[in-house]
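Chemist: Structure in structure tokens, see below.
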Number of protein chains: 2
Amino acid sequence: MTTMLDNFDDISKASPEPIYRQIKRSIQKRIDSGEWHIGYKLPSENDLVTALEVSRMTIHRALRELNQEGLIERVHGLGSFVAERPRHASLIALQDIALEIEAAGGSHRSRVLSLESVYASPAVTELMQLDENAPLFRLRAVHYQDELPLQLESRYVNPEAMPDFIRQDFTRTTATAYLLGQFKPDEMEHRVRAVLPDQQTCELLQISDGQPCLQLTRRTWTRDRVVTYVTLTYPGDRYELSARYATDEYQLR
Amino acid sequence: MTTMLDNFDDISKASPEPIYRQIKRSIQKRIDSGEWHIGYKLPSENDLVTALEVSRMTIHRALRELNQEGLIERVHGLGSFVAERPRHASLIALQDIALEIEAAGGSHRSRVLSLESVYASPAVTELMQLDENAPLFRLRAVHYQDELPLQLESRYVNPEAMPDFIRQDFTRTTATAYLLGQFKPDEMEHRVRAVLPDQQTCELLQISDGQPCLQLTRRTWTRDRVVTYVTLTYPGDRYELSARYATDEYQLR
DNA sequence: GAGTGGTCTAGACCACTGA
DNA sequence: CAGTGGTCTAGACCACTCA
């Protein structure tokens, strides 16, 4: 057992990051890497108290939050276990389409339609809380799952926040992956609608006539500034959003 | 100040309900009732410690969770304040369509199309994890906002869990409101799709030809049993799901 | 019964805000 | 500066699960 526990050497009481959060990251890393597989029984709170030399309240908070986030399941009197799968799915989480497709066993490919500098239209100005005619980067791309179009991405990016965005090769990485590596979102807004695609969208997504699309628009803020505003359009018959979660984590009002 | 604080008489250390949760409910009640309006500065943690005679960790946990749930905003060094509006909107929360419409300033009316006992079809049997041909209650209703149809509700209910469901008058209350009063959901699954409505749905929702619908299906569990399975269909041009939230509450994977 | 997590206490130190 | 929330400790009691 100690072989498992004595490699918690990445936790430092001197670090400015709270201990409970370091513990969370450390455990999450083990789960993500597969070192702790699904169903694996975590060390008990008391084991961790002695191994990490922190108080039980600190351990407890880390585990409680990991439980809320769906990474582990806890059973009173039994122990804590690595959860089947994260319970918060794409309805909530910001996720990279490439990872999503690959997690489902498919292969992902991006086709970049355009990547350019533009000036904000009045509508986009309003949505991104910018000045009139502010410069913007715009990316349009189609994402394929096994060579079948799954998502049309139309993205605006604030060049003041992300000056290097326009120099990236988005056939090699996705915009989501690039942006997540560059900044930490403070706040997000999601909107989901059902729409009829225009003719160009139909062609790009290879949609048969009259089929509806699921359209997700997202605005992402960092430090009170809209960094990116993206519209993701999915063929209605090939995609759905879903989420499953324990309800005690949420208010039911 | 004490006039505000000494009416926390609904909190009992003898109750089986954890104190921090009693405190949450008590504060939430004040916010819901408007007694503590938007922007109102809550008593400080130390004030609450002396008023309620509990430890600060307990107060802190209650306030921290209310903050996570978006009911209050906390500013380090300043205090806690009633939030503008709950940050988790309908993408996550289970909410009553009647309350949703009234919150938006509209008036709500339900038209019950049918409320009957049926036997589960193979598809529903599977989704509700029941035996073949198990008896079920089925409700079909249209919900109007200001006399314009906004939602078509098609709901199955497990009669073993909710035997009185079929005797309710769903023109006076909604099924969501009734069910939430009867049980506490343990787990929920949401799926959101874009669909083309069939002809009957078009007529019921007064949708013009070819317009898509947003369709949300939800399964709700209590004690490992599916209590209700509902399909909610919205006209695509009249409804969208949205949510806005601070991202540090979520994993971004 | 031994082991587990859920809650709670009464202190403590710190970083942050505003005056 | 006094007030605030963020974190942490070292104990404690309890309810739950499984043997």
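The way I read the labels, and the way they are meant: chains A, B, ... in the order of the structure tokens, residue 1 as the first residue of every chain, and ligand 1 as the first ligand shown, with later ones counted on from there.
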Would you list the contacts of range 135-152 of chain A as a PDB file with N, CA and C atoms, in the first residue's frame, taking every protein, DNA or RNA residue within 6 Å and counting only C-alpha atoms (C1' of nucleotides), but skipping same-chain residues closer than 2 positions in sequence?

Modeler:
ATOM      1  N   GLY A 106     -13.741   7.116 -33.001  1.00  0.00           N
ATOM      2  CA  GLY A 106     -13.669   7.568 -34.388  1.00  0.00           C
ATOM      3  C   GLY A 106     -12.343   8.251 -34.669  1.00  0.00           C
ATOM      4  N   SER A 107     -12.154   8.625 -35.939  1.00  0.00           N
ATOM      5  CA  SER A 107     -10.957   9.393 -36.258  1.00  0.00           C
ATOM      6  C   SER A 107     -11.373  10.786 -36.686  1.00  0.00           C
ATOM      7  N   HIS A 108     -10.601  11.766 -36.249  1.00  0.00           N
ATOM      8  CA  HIS A 108     -10.966  13.170 -36.463  1.00  0.00           C
ATOM      9  C   HIS A 108     -10.073  13.817 -37.522  1.00  0.00           C
ATOM     10  N   ARG A 109     -10.683  14.660 -38.340  1.00  0.00           N
ATOM     11  CA  ARG A 109      -9.923  15.459 -39.287  1.00  0.00           C
ATOM     12  C   ARG A 109     -10.580  16.831 -39.383  1.00  0.00           C
ATOM     13  N   SER A 110      -9.751  17.876 -39.504  1.00  0.00           N
ATOM     14  CA  SER A 110     -10.276  19.230 -39.656  1.00  0.00           C
ATOM     15  C   SER A 110     -10.008  19.730 -41.068  1.00  0.00           C
ATOM     16  N   ARG A 111     -10.967  20.437 -41.618  1.00  0.00           N
ATOM     17  CA  ARG A 111     -10.730  21.145 -42.871  1.00  0.00           C
ATOM     18  C   ARG A 111     -10.948  22.629 -42.603  1.00  0.00           C
ATOM     19  N   VAL A 112      -9.901  23.412 -42.786  1.00  0.00           N
ATOM     20  CA  VAL A 112     -10.014  24.846 -42.532  1.00  0.00           C
ATOM     21  C   VAL A 112     -10.571  25.525 -43.769  1.00  0.00           C
ATOM     22  N   LEU A 113     -11.697  26.197 -43.614  1.00  0.00           N
ATOM     23  CA  LEU A 113     -12.302  26.899 -44.747  1.00  0.00           C
ATOM     24  C   LEU A 113     -11.674  28.267 -44.909  1.00  0.00           C
ATOM     25  N   SER A 114     -11.473  28.955 -43.784  1.00  0.00           N
ATOM     26  CA  SER A 114     -10.833  30.277 -43.845  1.00  0.00           C
ATOM     27  C   SER A 114     -10.325  30.652 -42.472  1.00  0.00           C
ATOM     28  N   LEU A 115      -9.248  31.446 -42.493  1.00  0.00           N
ATOM     29  CA  LEU A 115      -8.695  32.004 -41.259  1.00  0.00           C
ATOM     30  C   LEU A 115      -8.189  33.374 -41.627  1.00  0.00           C
ATOM     31  N   GLU A 116      -8.877  34.403 -41.134  1.00  0.00           N
ATOM     32  CA  GLU A 116      -8.598  35.737 -41.656  1.00  0.00           C
ATOM     33  C   GLU A 116      -8.832  36.812 -40.606  1.00  0.00           C
ATOM     34  N   SER A 117      -8.375  38.022 -40.918  1.00  0.00           N
ATOM     35  CA  SER A 117      -8.675  39.199 -40.108  1.00  0.00           C
ATOM     36  C   SER A 117      -9.889  39.890 -40.686  1.00  0.00           C
ATOM     37  N   VAL A 118     -10.834  40.219 -39.832  1.00  0.00           N
ATOM     38  CA  VAL A 118     -12.036  40.911 -40.312  1.00  0.00           C
ATOM     39  C   VAL A 118     -12.342  42.058 -39.355  1.00  0.00           C
ATOM     40  N   TYR A 119     -13.327  42.857 -39.734  1.00  0.00           N
ATOM     41  CA  TYR A 119     -13.799  43.893 -38.820  1.00  0.00           C
ATOM     42  C   TYR A 119     -15.171  43.491 -38.306  1.00  0.00           C
ATOM     43  N   SER A 154     -17.655  28.126 -36.592  1.00  0.00           N
ATOM     44  CA  SER A 154     -17.473  29.502 -37.047  1.00  0.00           C
ATOM     45  C   SER A 154     -17.107  30.324 -35.840  1.00  0.00           C
ATOM     46  N   ARG A 155     -15.847  30.754 -35.799  1.00  0.00           N
ATOM     47  CA  ARG A 155     -15.324  31.312 -34.552  1.00  0.00           C
ATOM     48  C   ARG A 155     -14.733  32.699 -34.748  1.00  0.00           C
ATOM     49  N   TYR A 156     -15.058  33.594 -33.820  1.00  0.00           N
ATOM     50  CA  TYR A 156     -14.403  34.890 -33.746  1.00  0.00           C
ATOM     51  C   TYR A 156     -13.489  34.899 -32.528  1.00  0.00           C
ATOM     52  N   VAL A 157     -12.331  35.508 -32.701  1.00  0.00           N
ATOM     53  CA  VAL A 157     -11.369  35.565 -31.599  1.00  0.00           C
ATOM     54  C   VAL A 157     -10.882  36.997 -31.446  1.00  0.00           C
ATOM     55  N   ASN A 158     -10.826  37.437 -30.219  1.00  0.00           N
ATOM     56  CA  ASN A 158     -10.342  38.784 -29.913  1.00  0.00           C
ATOM     57  C   ASN A 158      -8.820  38.831 -30.070  1.00  0.00           C
ATOM     58  N   PRO A 159      -8.311  39.595 -31.045  1.00  0.00           N
ATOM     59  CA  PRO A 159      -6.854  39.575 -31.306  1.00  0.00           C
ATOM     60  C   PRO A 159      -6.049  40.219 -30.187  1.00  0.00           C
ATOM     61  N   LEU A 205     -21.864  20.345 -44.506  1.00  0.00           N
ATOM     62  CA  LEU A 205     -22.113  19.258 -43.558  1.00  0.00           C
ATOM     63  C   LEU A 205     -22.733  18.033 -44.230  1.00  0.00           C
ATOM     64  N   LEU A 232     -21.210  26.566 -33.224  1.00  0.00           N
ATOM     65  CA  LEU A 232     -20.965  25.189 -33.653  1.00  0.00           C
ATOM     66  C   LEU A 232     -22.269  24.605 -34.177  1.00  0.00           C
ATOM     67  N   THR A 233     -22.244  24.154 -35.425  1.00  0.00           N
ATOM     68  CA  THR A 233     -23.461  23.636 -36.027  1.00  0.00           C
ATOM     69  C   THR A 233     -23.290  22.148 -36.318  1.00  0.00           C
ATOM     70  N   TYR A 234     -24.234  21.347 -35.846  1.00  0.00           N
ATOM     71  CA  TYR A 234     -24.166  19.890 -35.995  1.00  0.00           C
ATOM     72  C   TYR A 234     -25.367  19.395 -36.787  1.00  0.00           C
TER      73      TYR A 234
END

Chemist: Would you list the contacts of DC13 in chain D as a ChimeraX atom specification, taking every protein, DNA or RNA residue within 12 Å and counting only C-alpha atoms (C1' of nucleotides), but skipping same-chain residues closer than 3 positions in sequence?

Modeler: /C:6-9

Chemist: Please, what distance in Å, to one decimal, runs between CA of Ile31 in chain B and CA of Gln95 in chain B?

Modeler: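 CA of Gln95 in chain B lies at a distance of 17.6 Å from CA of Ile31 in chain B.
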
Chemist: CA of Gln28 in chain A and CA of Asn67 in chain A are how many Å apart?

Modeler: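 We find that CA of Gln28 in chain A and CA of Asn67 in chain A lie 11.2 Å from each other.
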
Chemist: Could you find all residues in range 22-250 of chain B that DSSP calls alpha helix (DSSP H) from the backbone, and write them as an MDAnalysis selection string?

Modeler: chainID B and resid 22:33 45:52 56:68 97:103 122:128 175:182 199:205

Chemist: Taking only residues of chain A that have an atom at most 9 Å from an atom of chain D, what is each one's shortest atom pair and its distance in Å to one decimal, using only C-alpha atoms (C1' of nucleotides), in chain and number order, as CSV?

Modeler:
residue,atom,partner,partner_atom,distance
A:Pro18,CA,D:DT7,C1',7.1
A:Ile19,CA,D:DT7,C1',8.6
A:Val54,CA,D:DT9,C1',8.0
A:Ser55,CA,D:DT9,C1',5.9
A:Arg56,CA,D:DT9,C1',8.8
A:Met57,CA,D:DC8,C1',8.2
A:Thr58,CA,D:DC8,C1',7.1
A:Val75,CA,D:DC16,C1',8.7
A:His76,CA,D:DC16,C1',5.6
A:Gly77,CA,D:DC16,C1',4.7
A:Leu78,CA,D:DT17,C1',5.7

Chemist: Write the selection just made, keeping C-alpha atoms, as a PDB file, in the first residue's frame?

Modeler:
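Produced file part.pdb, reproduced below:
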ATOM      1  CA  PRO A  18      -4.305  25.447  -1.728  1.00  0.00           C
ATOM      2  CA  ILE A  19      -3.410  21.957  -0.573  1.00  0.00           C
ATOM      3  CA  VAL A  54      -2.419  17.021   6.304  1.00  0.00           C
ATOM      4  CA  SER A  55      -5.599  17.208   8.280  1.00  0.00           C
ATOM      5  CA  ARG A  56      -8.551  15.016   7.432  1.00  0.00           C
ATOM      6  CA  MET A  57     -10.766  18.025   6.639  1.00  0.00           C
ATOM      7  CA  THR A  58      -8.372  18.962   3.861  1.00  0.00           C
ATOM      8  CA  VAL A  75     -20.011   5.068  -0.574  1.00  0.00           C
ATOM      9  CA  HIS A  76     -20.479   5.743   3.091  1.00  0.00           C
ATOM     10  CA  GLY A  77     -18.887   2.936   5.047  1.00  0.00           C
ATOM     11  CA  LEU A  78     -17.225   1.415   2.008  1.00  0.00           C
TER      12      LEU A  78
END

Chemist: Would you mind listing, as a PyMOL selection string, all residues of chain C that have at least one atom within 9 Å of chain A, where only C-alpha atoms (C1' of nucleotides) are what counts?

Modeler: chain C and resi 3-6

Chemist: If you run DSSP on the backbone here, which positions in range 131-197 of chain B get strand (DSSP E or B)? Please write them as a PyMOL selection string.

Modeler: chain B and resi 135-145+148-157+187-195

Chemist: Would you please work out which residue, of B:Lys29, B:Arg193, B:Lys41, B:Arg167, is nearest to Pro212 in chain A when using only C-alpha atoms?

Modeler: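 Of all the options, B:Arg193 lies closest to Pro212 in chain A.
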
Chemist: To one decimal in Å, tell me the separation between CA of Leu241 in chain B and CA of Tyr229 in chain B.

Modeler: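 Interatomic distance, CA of Leu241 in chain B to CA of Tyr229 in chain B: 19.2 Å.
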
Chemist: Excluding Arg30 in chain A and residues on its chain fewer than 5 positions from it, collect all residues at most 12 Å away from it, counting only C-alpha atoms (C1' of nucleotides), and give them as a list of chain:residue names.

Modeler: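 What passes the distance filter is A:Met4, A:Leu5, A:Asn7, A:Phe8, A:Ile23, A:Lys24, A:Arg25, A:Glu35, A:Trp36, A:His37, A:Ile38, A:Tyr40, A:Leu42, A:Leu71, A:Ile72, A:Val82.
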
Chemist: Nearest residue to chain A out of B:Val226, B:Leu99, B:Ala161, B:Val124, using only C-alpha atoms?

Modeler: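 Among the listed residues, B:Leu99 lies closest to chain A.
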
Chemist: Kindly indicate which residue among B:Asp32, B:Asp131, B:Glu189, B:Asp198 lies nearest to chain A, using only C-alpha atoms for the distances.

Modeler: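 Selected residue with least distance to chain A: B:Glu189.
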
Chemist: Counting only C-alpha atoms (C1' of nucleotides), what is within 9 Å of Leu179 in chain A, bar same-chain residues fewer than 6 positions away, as a PyMOL selection string?

Modeler: chain A and resi 162+165+228
